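S.K.: Have a look at this one before I ask anything.
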Amino acid sequence: MRKEKNNKALKAIYRSLYGHYGPRHWWPGDTKLEIIVGAILTQNTAWTNVEKAVKNLKKEKVLTVKKLSSISEKKLSRLIRPAGYYNIKARRIKNFLRFLNNFYGGNIRRMFRTRTDSLRNELLAVNGIGPETADSILLYAGEKPVFVVDAYTKRIFSRHGYIKESANYDEVQEFFLKRLPLNAGMFNEFHALIVELGKKLCRRKKPLCNICPIRRKKK
DNA sequence: GACCAGGCACATC
DNA sequence: GATGTGCATGGT
């Protein structure tokens, strides 16, 4: 009963957000590689900063698997500097490229021919790719029906009482997967709409914003 | 100046 | 297994 109620509520939330904001046309990026690189660059970082970094990569004409693989990590980190955490992100992009070259001959389309659950595990084994980055890659670059969970998803849906505040990534993802049809196009929009809502109305980590209905913790 | 951003790995207890 | 910390630029 409870689940059925949540099921309807989730779909209503999706329809409402879609009706209000319209299609988000995600992921912003011209190629699959750009989407993957963007997914790493945006880790805990504002997208406007990622755009600056991607612009640098395009300007240097290095946004190809071959070029990115051949330039030095130091040069890469210099180009992506505006995205923050540039040393660690350069290493993470290089880690992904080594994985792609070693296992799939540097061919992204070939990589996405692997079964989604297997590929997800392979991506998670790459140092620097965690669950959100892996799922973003699968959904937005691979067009696989994978639900992406992010900080906004947890914040919004826990404050509205749908999930526990302490829920981990897999638990939140399961909440949505159990209640929504497996549809890559809808997952794409839903995540993008949640981010849109979060950026506009649920930006503060603390204290709770005025519109969040959730009860504060009792002291 | 404080806070936040489309996380993740690693150390420590 | 939970909790804390480093990574860093740029916008509000």
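Each chain in the structure tokens gets a letter, A, B and so on, in the order shown; residues start at 1 in every chain, and ligands are counted from 1 in the order they appear.
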Give me the residues near range 174-186 of chain A as a PyMOL selection string, where near means some atom within 9 Å (using only C-alpha atoms (C1' of nucleotides)) and where sequence neighbours in that chain fewer than 5 positions away do not count.

M.R.: chain A and resi 3-4+6-8+10-11+14+139-140+143-147+162-163+169+191

S.K.: Report the closest atom pair, with its distance in Å rounded to one decimal, for each residue of chain A that has an atom no farther than 10 Å from chain C; count only C-alpha atoms (C1' of nucleotides), sort by chain and then rising residue number, and write it as a Markdown table.

M.R.:
```
| residue | atom | partner | partner_atom | distance |
| --- | --- | --- | --- | --- |
| A:Thr45 | CA | C:DT9 | C1' | 8.7 |
| A:Ala46 | CA | C:DG10 | C1' | 8.4 |
| A:Thr48 | CA | C:DG10 | C1' | 8.5 |
| A:Asn49 | CA | C:DG10 | C1' | 6.7 |
| A:Val50 | CA | C:DT9 | C1' | 9.9 |
| A:Arg81 | CA | C:DT9 | C1' | 7.2 |
| A:Pro82 | CA | C:DT9 | C1' | 5.3 |
| A:Ala83 | CA | C:DT9 | C1' | 6.0 |
| A:Gly84 | CA | C:DT9 | C1' | 4.4 |
| A:Tyr85 | CA | C:DA8 | C1' | 4.8 |
| A:Tyr86 | CA | C:DA8 | C1' | 7.3 |
| A:Asn87 | CA | C:DC7 | C1' | 8.2 |
| A:Ile88 | CA | C:DC7 | C1' | 6.9 |
| A:Lys89 | CA | C:DC7 | C1' | 9.2 |
```

S.K.: List every residue of chain A that has an atom at most 8 Å from any atom of chain B, and for each one report the closest atom pair and its distance in Å to one decimal, counting only C-alpha atoms (C1' of nucleotides), with rows sorted by chain and then by increasing residue number, as JSON lines.

M.R.:
```
{"residue": "A:Thr42", "atom": "CA", "partner": "B:DG6", "partner_atom": "C1'", "distance": 6.3}
{"residue": "A:Gln43", "atom": "CA", "partner": "B:DG7", "partner_atom": "C1'", "distance": 4.6}
{"residue": "A:Asn44", "atom": "CA", "partner": "B:DG7", "partner_atom": "C1'", "distance": 5.2}
{"residue": "A:Thr45", "atom": "CA", "partner": "B:DA5", "partner_atom": "C1'", "distance": 4.3}
{"residue": "A:Ala46", "atom": "CA", "partner": "B:DA5", "partner_atom": "C1'", "distance": 4.2}
{"residue": "A:Trp47", "atom": "CA", "partner": "B:DG6", "partner_atom": "C1'", "distance": 7.2}
{"residue": "A:Asn127", "atom": "CA", "partner": "B:DA9", "partner_atom": "C1'", "distance": 7.9}
{"residue": "A:Gly128", "atom": "CA", "partner": "B:DC8", "partner_atom": "C1'", "distance": 5.9}
{"residue": "A:Ile129", "atom": "CA", "partner": "B:DC8", "partner_atom": "C1'", "distance": 7.2}
{"residue": "A:Gly130", "atom": "CA", "partner": "B:DC8", "partner_atom": "C1'", "distance": 6.2}
{"residue": "A:Glu132", "atom": "CA", "partner": "B:DG7", "partner_atom": "C1'", "distance": 7.6}
{"residue": "A:Thr133", "atom": "CA", "partner": "B:DG7", "partner_atom": "C1'", "distance": 7.9}
{"residue": "A:Asp150", "atom": "CA", "partner": "B:DG6", "partner_atom": "C1'", "distance": 6.7}
{"residue": "A:Ala151", "atom": "CA", "partner": "B:DG6", "partner_atom": "C1'", "distance": 7.9}
{"residue": "A:Val195", "atom": "CA", "partner": "B:DG6", "partner_atom": "C1'", "distance": 6.7}
{"residue": "A:Arg203", "atom": "CA", "partner": "B:DC4", "partner_atom": "C1'", "distance": 7.8}
{"residue": "A:Arg204", "atom": "CA", "partner": "B:DC4", "partner_atom": "C1'", "distance": 7.5}
```

S.K.: Within range 16-218 of chain A, find each residue whose DSSP state, derived from the backbone, is alpha helix (DSSP H), and express the selection as a PyMOL selection string.

M.R.: chain A and resi 16-21+32-41+47-59+65-70+73-79+86-104+108-111+116-124+131-136+151-159+169-179+184-201

S.K.: Put those residues in a file: C-alpha atoms, as a tab-separated table (two decimals), in the first residue's frame.

M.R.:
```
chain	number	residue	atom	x	y	z
A	16	SER	CA	4.92	18.05	-12.29
A	17	LEU	CA	8.61	18.87	-12.64
A	18	TYR	CA	8.56	18.10	-16.35
A	19	GLY	CA	5.49	20.28	-16.79
A	20	HIS	CA	7.12	23.14	-14.91
A	21	TYR	CA	10.68	23.07	-16.23
A	32	LYS	CA	30.26	10.50	-25.57
A	33	LEU	CA	33.82	11.25	-24.51
A	34	GLU	CA	32.88	14.80	-23.59
A	35	ILE	CA	30.04	13.48	-21.45
A	36	ILE	CA	32.34	11.04	-19.67
A	37	VAL	CA	35.02	13.65	-19.06
A	38	GLY	CA	32.33	16.06	-17.88
A	39	ALA	CA	31.00	13.45	-15.46
A	40	ILE	CA	34.42	13.24	-13.80
A	41	LEU	CA	35.01	16.99	-13.88
A	47	TRP	CA	28.85	23.03	-13.83
A	48	THR	CA	29.89	26.56	-14.81
A	49	ASN	CA	33.43	25.66	-13.74
A	50	VAL	CA	33.31	22.42	-15.70
A	51	GLU	CA	32.33	24.35	-18.82
A	52	LYS	CA	35.48	26.44	-18.55
A	53	ALA	CA	37.62	23.32	-18.30
A	54	VAL	CA	35.88	21.63	-21.25
A	55	LYS	CA	36.30	24.81	-23.27
A	56	ASN	CA	40.05	24.66	-22.64
A	57	LEU	CA	40.18	21.03	-23.78
A	58	LYS	CA	38.32	21.88	-26.97
A	59	LYS	CA	40.46	24.91	-27.64
A	65	VAL	CA	40.55	9.45	-26.80
A	66	LYS	CA	43.90	9.42	-28.59
A	67	LYS	CA	44.89	12.96	-27.70
A	68	LEU	CA	43.76	12.76	-24.11
A	69	SER	CA	45.64	9.49	-23.76
A	70	SER	CA	48.86	10.92	-25.14
A	73	GLU	CA	48.85	14.29	-16.84
A	74	LYS	CA	50.47	17.57	-15.92
A	75	LYS	CA	49.27	19.27	-19.10
A	76	LEU	CA	45.81	17.81	-18.61
A	77	SER	CA	45.62	19.12	-15.06
A	78	ARG	CA	46.64	22.58	-16.25
A	79	LEU	CA	43.85	22.62	-18.85
A	86	TYR	CA	42.53	19.52	-11.02
A	87	ASN	CA	45.38	17.21	-10.02
A	88	ILE	CA	43.13	14.45	-8.77
A	89	LYS	CA	40.68	14.84	-11.67
A	90	ALA	CA	43.48	14.67	-14.23
A	91	ARG	CA	44.56	11.39	-12.64
A	92	ARG	CA	40.96	10.12	-12.70
A	93	ILE	CA	40.50	10.96	-16.38
A	94	LYS	CA	43.80	9.21	-17.12
A	95	ASN	CA	42.66	6.19	-15.09
A	96	PHE	CA	39.50	5.96	-17.18
A	97	LEU	CA	41.45	6.25	-20.44
A	98	ARG	CA	43.83	3.48	-19.40
A	99	PHE	CA	40.83	1.30	-18.64
A	100	LEU	CA	39.21	2.16	-21.98
A	101	ASN	CA	42.41	1.51	-23.94
A	102	ASN	CA	43.32	-1.70	-22.13
A	103	PHE	CA	39.89	-3.34	-22.18
A	104	TYR	CA	38.17	-1.88	-25.23
A	108	ILE	CA	33.75	3.91	-26.36
A	109	ARG	CA	30.97	2.38	-28.46
A	110	ARG	CA	32.57	-1.02	-28.00
A	111	MET	CA	32.69	-0.43	-24.27
A	116	THR	CA	25.24	-2.77	-18.28
A	117	ASP	CA	25.62	-4.42	-14.87
A	118	SER	CA	29.04	-5.84	-15.81
A	119	LEU	CA	30.22	-2.51	-17.23
A	120	ARG	CA	29.03	-0.73	-14.11
A	121	ASN	CA	31.23	-2.98	-11.99
A	122	GLU	CA	34.16	-2.43	-14.33
A	123	LEU	CA	33.73	1.34	-14.12
A	124	LEU	CA	33.46	1.22	-10.34
A	131	PRO	CA	28.57	5.17	-8.19
A	132	GLU	CA	27.27	8.54	-9.35
A	133	THR	CA	29.96	9.03	-11.97
A	134	ALA	CA	29.56	5.45	-13.23
A	135	ASP	CA	25.79	5.78	-13.46
A	136	SER	CA	26.02	9.18	-15.17
A	151	ALA	CA	23.28	15.03	-3.47
A	152	TYR	CA	20.11	16.85	-4.52
A	153	THR	CA	18.18	13.61	-4.91
A	154	LYS	CA	19.04	12.60	-1.38
A	155	ARG	CA	18.47	16.04	0.08
A	156	ILE	CA	15.09	16.66	-1.56
A	157	PHE	CA	13.58	13.22	-1.13
A	158	SER	CA	14.79	12.74	2.43
A	159	ARG	CA	13.47	16.15	3.47
A	169	TYR	CA	23.59	5.52	-2.66
A	170	ASP	CA	22.33	2.02	-3.41
A	171	GLU	CA	19.35	2.38	-1.11
A	172	VAL	CA	18.23	5.62	-2.73
A	173	GLN	CA	18.70	4.18	-6.20
A	174	GLU	CA	16.67	1.11	-5.27
A	175	PHE	CA	13.85	3.32	-3.99
A	176	PHE	CA	13.45	4.85	-7.44
A	177	LEU	CA	14.08	1.68	-9.43
A	178	LYS	CA	11.38	-0.21	-7.55
A	179	ARG	CA	8.81	2.45	-8.26
A	184	ALA	CA	16.40	5.60	-20.00
A	185	GLY	CA	14.71	8.67	-21.47
A	186	MET	CA	12.63	9.23	-18.35
A	187	PHE	CA	15.59	8.57	-16.01
A	188	ASN	CA	17.56	11.10	-18.02
A	189	GLU	CA	14.93	13.80	-17.57
A	190	PHE	CA	14.10	12.92	-13.96
A	191	HIS	CA	17.66	13.31	-12.74
A	192	ALA	CA	18.14	16.51	-14.69
A	193	LEU	CA	14.87	17.90	-13.31
A	194	ILE	CA	15.86	17.02	-9.75
A	195	VAL	CA	19.11	18.91	-10.20
A	196	GLU	CA	17.19	21.87	-11.63
A	197	LEU	CA	14.85	21.88	-8.65
A	198	GLY	CA	17.74	21.47	-6.23
A	199	LYS	CA	19.70	24.34	-7.69
A	200	LYS	CA	16.70	26.63	-7.59
A	201	LEU	CA	14.96	25.73	-4.36
```

S.K.: Please measure the separation of CA of Ala141 in chain A and CA of Ile13 in chain A, giving the value in Å to one decimal.

M.R.: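 These atoms are spaced 25.2 Å apart.
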